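Dumped work-v2.cif below, it's mmCIF, C-alpha atoms:
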data_entry
loop_
_atom_site.label_atom_id
_atom_site.label_comp_id
_atom_site.auth_asym_id
_atom_site.auth_seq_id
_atom_site.Cartn_x
_atom_site.Cartn_y
_atom_site.Cartn_z
CA GLY A 1 -0.11 95.88 34.11
CA THR A 2 -1.10 97.37 30.74
CA LEU A 3 -3.36 96.14 27.94
CA LEU A 4 -2.00 97.45 24.65
CA LEU A 5 -1.94 96.94 20.90
CA TYR A 6 1.08 95.36 19.22
CA ASP A 7 1.12 95.76 15.43
CA ARG A 8 4.57 95.29 13.93
CA ASP A 9 6.42 93.04 11.47
CA GLY A 10 3.17 91.38 10.40
CA ILE A 11 2.19 90.47 13.98
CA ARG A 12 -1.11 91.89 15.26
CA CYS A 13 -2.05 91.12 18.84
CA HIS A 14 -3.36 92.52 22.10
CA LYS A 15 -0.92 92.19 24.99
CA ILE A 16 -1.47 92.31 28.73
CA CYS A 17 1.93 92.78 30.31
CA GLY A 18 3.27 94.03 33.60
CA THR A 19 4.30 92.67 36.98
CA TRP A 20 2.74 90.41 39.60
CA LYS A 21 3.47 89.41 43.19
CA PHE A 22 2.02 87.23 45.93
CA GLU A 23 -0.72 89.04 47.85
CA GLY A 24 -0.16 89.53 51.56
CA SER A 25 3.52 88.54 51.42
CA PRO A 26 5.85 91.44 52.34
CA GLU A 27 8.91 89.50 51.13
CA SER A 28 7.38 88.77 47.71
CA GLU A 29 9.19 90.50 44.84
CA SER A 30 7.48 91.83 41.71
CA GLN A 31 7.97 89.60 38.67
CA ASN A 32 7.03 89.99 35.01
CA PHE A 33 4.07 88.44 33.21
CA GLU A 34 2.47 88.69 29.79
CA LEU A 35 -0.65 87.40 28.05
CA THR A 36 -1.19 87.71 24.30
CA ARG A 37 -4.31 87.48 22.15
CA MET A 38 -3.73 87.17 18.41
CA ILE A 39 -6.02 89.45 16.35
CA PRO A 40 -7.97 87.86 13.46
CA SER A 41 -7.44 89.45 10.04
CA ASN A 42 -11.06 90.63 9.82
CA GLU A 43 -11.04 92.39 13.20
CA ASP A 44 -10.36 96.05 14.00
CA SER A 45 -7.13 95.88 16.01
CA ASN A 46 -7.65 99.33 17.55
CA GLU A 47 -10.72 98.21 19.46
CA LEU A 48 -9.71 97.72 23.10
CA PRO A 49 -10.52 95.81 25.19
CA LYS A 50 -11.65 92.68 23.38
CA ASN A 51 -12.83 89.36 24.78
CA GLY A 52 -10.88 86.31 23.74
CA ILE A 53 -8.33 83.60 24.42
CA PHE A 54 -4.92 84.73 25.66
CA ASN A 55 -1.68 82.76 25.88
CA GLY A 56 1.47 83.79 27.68
CA SER A 57 3.73 83.22 30.65
CA PHE A 58 4.95 84.65 33.93
CA VAL A 59 8.26 84.69 35.75
CA TYR A 60 8.31 82.59 38.92
CA GLN A 61 11.05 82.96 41.52
CA TYR A 62 11.62 80.40 44.25
CA GLN A 63 14.31 79.28 46.67
CA VAL A 64 16.25 76.01 46.95
CA ASP A 65 18.47 74.70 49.72
CA VAL A 66 22.22 74.62 49.11
CA LYS A 67 24.12 71.86 50.90
CA THR A 68 27.35 73.87 51.12
CA SER A 69 25.70 77.02 52.48
CA LYS A 70 23.15 78.03 55.08
CA LYS A 71 21.67 80.50 52.63
CA LYS A 72 19.00 79.54 50.13
CA LEU A 73 19.63 80.02 46.43
CA LYS A 74 17.12 82.07 44.46
CA MET A 75 16.08 80.43 41.19
CA THR A 76 13.89 81.78 38.40
CA THR A 77 11.88 80.03 35.71
CA VAL A 78 9.10 80.91 33.26
CA ILE A 79 5.64 79.33 33.68
CA LYS A 80 3.57 79.04 30.52
CA GLU A 81 -0.17 79.71 30.46
CA GLU A 82 -2.39 78.71 27.54
CA ASN A 83 -6.07 79.17 26.64
CA VAL A 84 -6.74 81.85 29.27
CA ASP A 85 -10.32 82.98 28.54
CA ILE A 86 -10.78 86.67 29.50
CA ILE A 87 -14.05 88.61 29.31
CA PHE A 88 -14.35 92.42 29.66
CA THR A 89 -17.69 93.87 30.82
CA LYS A 90 -18.47 97.61 30.78
CA ALA A 91 -18.51 99.14 34.26
CA GLY A 92 -20.26 102.32 33.09
CA THR A 93 -21.70 104.08 30.06
CA ASP A 94 -18.61 106.01 28.92
CA ASN A 95 -16.56 102.96 27.73
CA THR A 96 -13.57 103.94 29.90
CA SER A 97 -13.79 101.32 32.66
CA PHE A 98 -14.41 97.58 32.55
CA TYR A 99 -14.74 94.59 34.85
CA ILE A 100 -12.50 91.59 34.13
CA GLU A 101 -13.43 87.94 34.53
CA GLY A 102 -11.30 85.08 33.31
CA LYS A 103 -10.23 81.50 33.78
CA GLY A 104 -7.30 79.37 32.77
CA SER A 105 -4.74 76.85 33.92
CA ASN A 106 -1.02 76.27 34.22
CA GLN A 107 1.18 73.63 35.81
CA PHE A 108 0.17 74.82 39.28
CA GLY A 109 -3.53 74.21 38.68
CA THR A 110 -6.78 75.83 37.51
CA PHE A 111 -7.36 79.49 38.31
CA GLU A 112 -9.86 82.33 38.02
CA LEU A 113 -9.11 85.98 37.24
CA THR A 114 -11.03 89.02 38.49
CA GLY A 115 -10.16 92.69 38.18
CA THR A 116 -10.67 96.02 36.44
CA ALA A 117 -9.44 97.81 33.33
CA GLU A 118 -9.25 101.60 32.99
CA LYS A 119 -8.50 103.52 29.78
CA LYS A 120 -5.55 105.90 30.15
CA LEU A 121 -7.06 108.63 27.94
CA GLN A 122 -3.69 110.31 27.40
CA ASN A 123 -2.61 111.59 23.96
CA ASP A 124 -5.07 109.29 22.20
CA ASP A 125 -3.41 106.29 23.84
CA PRO A 126 -5.84 103.34 23.41
CA SER A 127 -4.13 101.21 26.08
CA LEU A 128 -5.70 100.37 29.43
CA THR A 129 -4.36 100.01 32.96
CA ILE A 130 -5.05 96.48 34.20
CA ARG A 131 -5.42 95.29 37.80
CA MET A 132 -6.17 91.60 38.31
CA GLN A 133 -6.24 89.01 41.06
CA LYS A 134 -5.59 85.34 40.40
CA ASN A 135 -7.21 82.71 42.64
CA TYR A 136 -6.41 79.03 42.19
CA THR A 137 -9.59 76.93 42.37
CA LYS A 138 -7.94 73.53 41.87
CA ALA A 139 -4.34 72.73 42.63
CA ASN A 140 -2.23 70.28 40.66
CA ASN A 141 -1.83 67.47 43.17
CA GLU A 142 0.71 65.49 41.17
CA VAL A 143 3.60 67.50 42.55
CA GLN A 144 4.02 70.25 45.10
CA MET A 145 4.59 73.91 44.27
CA GLN A 146 8.33 73.92 44.85
CA SER A 147 9.12 70.59 43.21
CA ARG A 148 6.94 70.68 40.11
CA ILE A 149 9.11 73.11 38.19
CA SER A 150 11.39 71.37 35.74
CA ILE A 151 14.72 73.09 35.25
CA SER A 152 17.20 71.96 32.65
CA HIS A 153 20.82 72.84 33.22
CA ASN A 154 23.48 72.03 30.66
CA LEU A 155 26.56 71.56 32.83
CA THR A 156 29.86 71.22 31.01
CA ASP A 157 33.29 70.58 32.46
CA THR A 158 35.33 73.48 31.08
CA SER A 159 38.45 72.80 33.13
CA LYS A 160 40.20 71.13 30.15
CA SER A 161 38.75 73.32 27.39
CA SER A 162 40.80 75.95 25.65
CA GLN A 163 40.39 79.50 26.89
CA ASN A 164 40.45 80.66 23.28
CA GLU A 165 37.54 78.45 22.26
CA LEU A 166 34.37 80.49 21.78
CA PRO A 167 30.96 79.14 22.81
CA PRO A 168 28.29 78.58 20.14
CA PRO A 169 25.97 81.54 19.33
CA SER A 170 22.97 81.97 21.60
CA ILE A 171 19.55 80.98 20.25
CA HIS A 172 17.07 83.88 20.13
CA PHE A 173 13.54 83.33 21.44
CA SER A 174 10.96 86.05 20.77
CA SER A 175 8.78 85.29 23.82
CA GLY A 176 8.30 82.92 26.75
CA VAL A 177 11.85 83.21 28.11
CA ILE A 178 13.71 85.83 30.14
CA CYS A 179 15.59 88.06 27.72
CA LEU A 180 18.35 90.55 28.56
CA ARG A 181 19.50 93.25 26.16
CA GLY A 182 22.17 95.85 26.89
CA LYS A 183 25.59 97.29 26.18
CA ILE A 184 29.13 96.66 27.42
CA SER A 185 31.25 99.60 28.55
CA TRP A 186 34.40 100.32 30.57
CA GLN A 187 34.82 102.68 33.52
CA SER A 188 37.91 103.63 35.49
CA ALA A 189 37.94 103.61 39.29
CA GLY A 190 41.34 104.69 40.49
CA MET A 191 43.87 101.99 39.62
CA ARG A 192 41.14 99.59 38.52
CA LYS A 193 39.00 99.19 35.44
CA ILE A 194 35.37 98.13 35.68
CA GLN A 195 33.63 96.36 32.83
CA LEU A 196 29.88 97.09 32.89
CA ILE A 197 27.01 95.32 31.16
CA GLN A 198 23.89 97.46 31.52
CA GLY A 199 20.47 97.22 29.93
CA VAL A 200 16.94 95.95 30.40
CA TRP A 201 15.32 92.53 30.76
CA SER A 202 11.81 91.21 30.25
CA THR A 203 9.92 87.96 29.63
CA GLY A 204 10.61 88.11 25.90
CA LEU A 205 12.64 89.91 23.27
CA ASP A 206 9.37 91.08 21.71
CA ASN A 207 8.57 93.06 24.87
CA ILE A 208 11.91 94.86 24.74
CA LEU A 209 11.59 95.67 21.04
CA MET A 210 8.00 96.82 21.50
CA ASP A 211 8.85 99.22 24.34
CA PRO A 212 12.62 99.98 24.15
CA ASP A 213 12.28 103.11 26.32
CA ASN A 214 10.19 101.20 28.91
CA VAL A 215 7.33 103.71 28.73
CA ASN A 216 4.80 101.05 29.73
CA GLY A 217 7.00 99.67 32.52
CA ILE A 218 7.13 96.12 31.17
CA CYS A 219 10.94 95.91 31.37
CA HIS A 220 13.39 96.04 34.25
CA GLU A 221 16.93 97.36 34.41
CA PHE A 222 19.94 95.12 35.11
CA GLU A 223 23.65 95.64 35.61
CA TYR A 224 26.66 93.34 35.83
CA GLN A 225 30.14 94.43 36.89
CA GLN A 226 33.56 92.87 36.45
CA ARG A 227 36.46 94.54 38.28
CA SER A 228 39.96 94.03 36.92
CA GLY A 229 43.15 93.88 38.99
CA PHE A 230 45.72 96.63 39.35
CA GLU A 231 47.26 97.87 36.11
#
Show this structure as structure tokens.
Amino acid sequence: GTLLLYDRDGIRCHKICGTWKFEGSPESESQNFELTRMIPSNEDSNELPKNGIFNGSFVYQYQVDVKTSKKKLKMTTVIKEENVDIIFTKAGTDNTSFYIEGKGSNQFGTFELTGTAEKKLQNDDPSLTIRMQKNYTKANNEVQMQSRISISHNLTDTSKSSQNELPPPSIHFSSGVICLRGKISWQSAGMRKIQLIQGVWSTGLDNILMDPDNVNGICHEFEYQQRSGFE
């Protein structure tokens, strides 16, 4: 991932954001994560890296059995992490590389972080490239990995509702949830019309607004298609 400075709209923080995956699992897909450290008012925000307490979340994808199908259904949720204590130690004398040590906990258990941070040194960019490994030292024994995730679905019977009735506006969350942002367009394919929704998604609207062109690689592209019948 990347450790960078976020200073906008009165919010000053250091963010570690990027992707993670299970080590040694060829079928594991990369998923987004982010950790944020709020900067005190009396601290120089341009000084990176900085030891401190980070809070954030990561996307977790898992599979569930479907009674009506032999295939497993992929589900995604966001796991919160709070009070993650991260310490950066100089790896040399030139202040460009650092060792990372950290510890924290989430609903899966207690973990330790180890890794490295390297300054990019491109166009006065103060951000650093982060590589970390997470090792769980104590598992949460109350529930197992697949069953401990709580998912809330609001299921409504729409069979009797009016097709002209609009749903209520969506609630906006700045962080901690998967956010999609894009545009709707139409394309013609022979006798058919295709409605496209294309854009980017990340683990928070703040990530998308902070890096709309995805320079730091903290967002992912998405696309939905709806094909109409013959005209």
Could you build a table of the residues in region 28-119 of chain A lying no more than 9 Å from region 198-215 of chain A, giving for each the nearest pair of atoms and their separation in Å rounded to one decimal place, using all atoms listed in the file, ordered by chain and ascending residue number, as a Markdown table?
| residue | atom | partner | partner_atom | distance |
| --- | --- | --- | --- | --- |
| A:Asn32 | CA | A:Thr203 | CA | 6.4 |
| A:Phe33 | CA | A:Thr203 | CA | 6.9 |
| A:Glu34 | CA | A:Thr203 | CA | 7.5 |
| A:Ser57 | CA | A:Thr203 | CA | 7.9 |
| A:Phe58 | CA | A:Thr203 | CA | 7.4 |
| A:Val59 | CA | A:Thr203 | CA | 7.1 |
| A:Val78 | CA | A:Thr203 | CA | 8.0 |
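Applied to this file, the PyMOL selection byres ((chain A and resi 185) around 6) selects the residues Ile184, Trp186, Gln195 and Leu196 of chain A.
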Target residues per the PyMOL selection byres ((chain A and resi 223) around 6), formatted as a PDB file with C-alpha atoms, in the frame of the given file:
ATOM      1  CA  ILE A 197      27.010  95.320  31.160  1.00  0.00           C
ATOM      2  CA  GLN A 198      23.890  97.460  31.520  1.00  0.00           C
ATOM      3  CA  PHE A 222      19.940  95.120  35.110  1.00  0.00           C
ATOM      4  CA  TYR A 224      26.660  93.340  35.830  1.00  0.00           C
TER       5      TYR A 224
END
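Atom pair CA of Ile178 (chain A) / CA of Cys13 (chain A) has a distance of 20.1 Å (rounded to one decimal).
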Please expand the PyMOL selection byres ((chain A and resi 90) around 10) into the concrete residues it hits in this file, giving the result as a list in words. Pro49, Phe88, Thr89, Ala91, Gly92, Thr93, Asp94, Asn95, Thr96, Ser97, Phe98, Tyr99, Ile100, Thr116 and Ala117 of chain A
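With CA of Ile53 (chain A) on one side and CA of Leu35 (chain A) on the other, the separation reads 9.3 Å.
The nearest approach to Ser127 (chain A) among the residues A:Asn46, A:Met38, A:Gly217, A:Ser28, with only C-alpha atoms taken into account, belongs to A:Asn46.
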Could you name the residues that touch Leu5 (chain A) at 10 Å or less, counting all atoms listed in the file, but leaving out those on the same chain fewer than 3 positions away, as a PyMOL selection string? chain A and resi 2+8+12-16+36-37+39+45-49+125-128+210
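Ranking A:Leu113, A:Ile86, A:Leu121, A:Cys17 by their shortest atom-to-atom distance to Gln133 (chain A), with all atoms listed in the file included, puts A:Leu113 first.
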Which residues come within 7 Å of Lys193 (chain A), counting all atoms listed in the file, excluding same-chain residues fewer than 3 positions away, as a list in words?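 Answer for this query is Trp186, Gln187, Ser188, Ala189, Arg227 and Ser228 of chain A.
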What is the CA of Asn106 (chain A)-CA of Glu82 (chain A) distance in Å, reported with one decimal? 7.2 Å
Can you pull out every residue within 7 Å of Glu112 (chain A), counting only C-alpha atoms, but drop anything in the same chain fewer than 3 positions away, and send it as a count of residues only? 7
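Nearest-residue note for Leu180 (chain A): choosing from A:Gly24, A:Cys219, A:Gln31, A:Gln107, the minimum distance belongs to A:Cys219, counting all atoms listed in the file.
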Name the closest residue to Leu4 (chain A) among the candidates A:Asn216, A:Thr19, A:Asn55, A:Gln226; distances are taken between atoms, counting all atoms listed in the file. A:Asn216
